[in-house]
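Engineer: Next up is a structure, given as structure tokens.
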Amino acid sequence: MNNFKIRRFTSASVPFLSGAVAIVLAIAIILSPESSFQASLQGLKLWWTLVFPALLPFLMLSEMLTATGFVHGLGVLLEPLMTRIFRLPGAGGWTLALGMTAGFPAGAGGVQLLHKQGSITDKEAGRLASIAHFASPVTLLIVVGVAFLHSPAAGYTLLAIHWISGLTAGVTATLLTGRPKTEAPTVVPSQRKTASLPRRIHQAVTEARARDGRGFGKLLGESVSTAVQSLMVIGGYMIMFAVVINIATSLVPQLPPALAASFLEIHLGANALTSELTVPHDFSSMGITGLALLSAALGWSGICGQLQALTLLKRAKISFLPYAAVRLLHGVFAFAFTLLLWTPLMNLRETVLPAVAGPEVAESTATLGALNVWSVVPQLLGLQSLLLLVIIALSAAVSAVTWLRRLNG
């Protein structure tokens with residue numbers, strides 16, 4: 001009874017709370033219009049020069065591959081890994097790789113497409129979106145690694161730790177939530193189970209293409225419009241949170257700017273945490289704890305990034321708190337893995353880890369532009385292909401282990 005009253009009071013107070021927050025923000029902007037304008041320009045520049053050109057091709061590619069059935073055919077190969085490790089449909093394997101190689105907005109977009117097609121349920125969409133929530137490699141390699149830390153090797157080290165900690169958080173969250181009991185099973189039809197692997201892949205592709213039903217021209221046009229619309233929403237969030245961070249640090253001067261920025265927005269938080277670093281390849285000014293905090297902030301990804309993903313998935317009615325809990329797990333694991341793995345991974349140095357940006361990008365974040373980002377897209381697509389091959393190999397290994405256990409049992 002008490003829990004019911006608390007939930008009822010909370011749901012009734014949400015509109016008033018959001019209205020009060022909006023009024024406070026409006027008053028703060030009126031009192032300091034110049035600083036709010038400069039903060040909004042900072043968020044706009046970051047979105048236009050980095051996020052928009054980096055994510056546009058991946059969002060378009062995701063919708064086209066999902067509509068043509070490629071994602072579902074790939075899902076047949078990834079069923080052992082996704083169903084036994086993450087307890088999700090095999091088609092989610094593509095979304096996992098998409099989130100790891102294109103960032104959380106693209107990952108959430110892939111989840112939204114699967115949910116729209118009816119391939120996953122609401123609860124599966126929430127779990128898959130939380131697992132596929134990763135910072136973009138463009139952000140870690142170019143912005144943080146090259147522009148902020150002045151070291152491509154540091155960017156690759158952060159990326160490796162970010163991926164390892166994110167997958168660990170996903171597996172941990174799956175184990176903690178247990179096997180769902182109320183969801184409808186999302187398994188392949190029984191006639192598929194006895195068919196050969198190529199036939200199952202062909203059947204999955206054919207069924208997905210038939211469900212979508214769009215021609216190539218219509219698909220291309222809608223892919224562009226959907227991607228641009230999603231990116232406009234992301235841009236609005238980034239601009240708004242840049243202003244919120246500026247207001248928060250102005251109203252509470254005792255609040256460390258890096259803490260507020262890291263809690264609210266990933267790009268501005270990374271910039272604040274690395275502001276003390278002035279000498280390339282010399283991380284003594286930050287210390288290993290500072291680097292671990294940077295890695296944790298990237299794993300947390302900020303309230304702004306989480307709301308961006310949840311906005312794209314509003315039809316699935318995903319709760320914020322469970323989603324944020326997985327992000328917190330990601331940040332905790334990233335902090336711990338950075339303390340353990342930073343020195344061994346950095347010993348590989350630039351001779352092993354290739355640079356993805358020229359030295360002119362390392363001079364300042366101001367040199368980051370659409371041309372710089374688009375020049376990296378082919379390498380990111382290659383990285384995505386390599387990651388897919390690794391995931392397929394892991395799925396084959398899981399399938400082999402399962403087959404051996406059944407044979408011995």
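As shown in the structure tokens, the chain order sets the letters A, B, ...; within each chain, residues go from 1, and ligands are also counted from 1 in the order they appear.
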What lies within 8 Å of Ala260 in chain A using only C-alpha atoms, ignoring chain neighbours under 3 positions off, as a PyMOL selection string?
Structural biologist: chain A and resi 245+248-249+255-257+263-264+269
Engineer: Generate the output file for the selected residues, N, CA and C atoms, as a tab-separated table (two decimals), in the first residue's frame.
Structural biologist:
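Contents of selection-v1.tsv, as written:
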chain	number	residue	atom	x	y	z
A	245	ILE	N	25.16	22.87	-17.99
A	245	ILE	CA	26.46	22.77	-17.31
A	245	ILE	C	26.97	24.16	-16.96
A	248	ALA	N	24.90	25.42	-14.00
A	248	ALA	CA	25.21	24.70	-12.76
A	248	ALA	C	26.52	25.19	-12.15
A	249	THR	N	27.54	25.36	-12.97
A	249	THR	CA	28.83	25.84	-12.44
A	249	THR	C	28.76	27.31	-12.01
A	255	LEU	N	31.16	23.72	-6.90
A	255	LEU	CA	31.06	22.47	-7.64
A	255	LEU	C	32.17	22.40	-8.69
A	256	PRO	N	33.02	21.36	-8.65
A	256	PRO	CA	34.09	21.26	-9.67
A	256	PRO	C	33.49	21.18	-11.07
A	257	PRO	N	33.96	22.04	-11.99
A	257	PRO	CA	33.40	22.02	-13.35
A	257	PRO	C	33.52	20.66	-14.03
A	263	PHE	N	29.28	14.37	-15.34
A	263	PHE	CA	28.01	13.77	-14.96
A	263	PHE	C	26.93	14.02	-16.00
A	264	LEU	N	27.01	15.17	-16.70
A	264	LEU	CA	25.93	15.56	-17.59
A	264	LEU	C	26.21	15.28	-19.07
A	269	GLY	N	32.60	16.74	-20.59
A	269	GLY	CA	33.24	16.16	-19.42
A	269	GLY	C	34.65	15.71	-19.70
Engineer: Using DSSP on the backbone coordinates, identify the residues of range 114-260 of chain A assigned to helix (DSSP H, G or I); present them as a ChimeraX atom specification.
Structural biologist: /A:114-117,122-131,137-148,152-177,190-193,197-212,216-251,257-260
Engineer: Restricting the calculation to only C-alpha atoms, which member of A:Leu293, A:Leu339, A:Leu268, A:Leu310 is positioned closest to Phe148 in chain A?
Structural biologist: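 Comparing A:Leu293, A:Leu339, A:Leu268, A:Leu310 against Phe148 in chain A, the winner is A:Leu268.
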Engineer: Hey, which of A:Ala396, A:Ile142, A:Val224, A:Leu158 ends up closest to Met60 in chain A? Count only C-alpha atoms.
Structural biologist: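 Answer, going by the shortest atom-to-atom distance: A:Val224.
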Engineer: Would you compute the distance between CA of Pro198 in chain A and CA of Gly75 in chain A? Give it in Å to one decimal.
Structural biologist: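 Straight-line distance from CA of Pro198 in chain A to CA of Gly75 in chain A works out to 12.4 Å.
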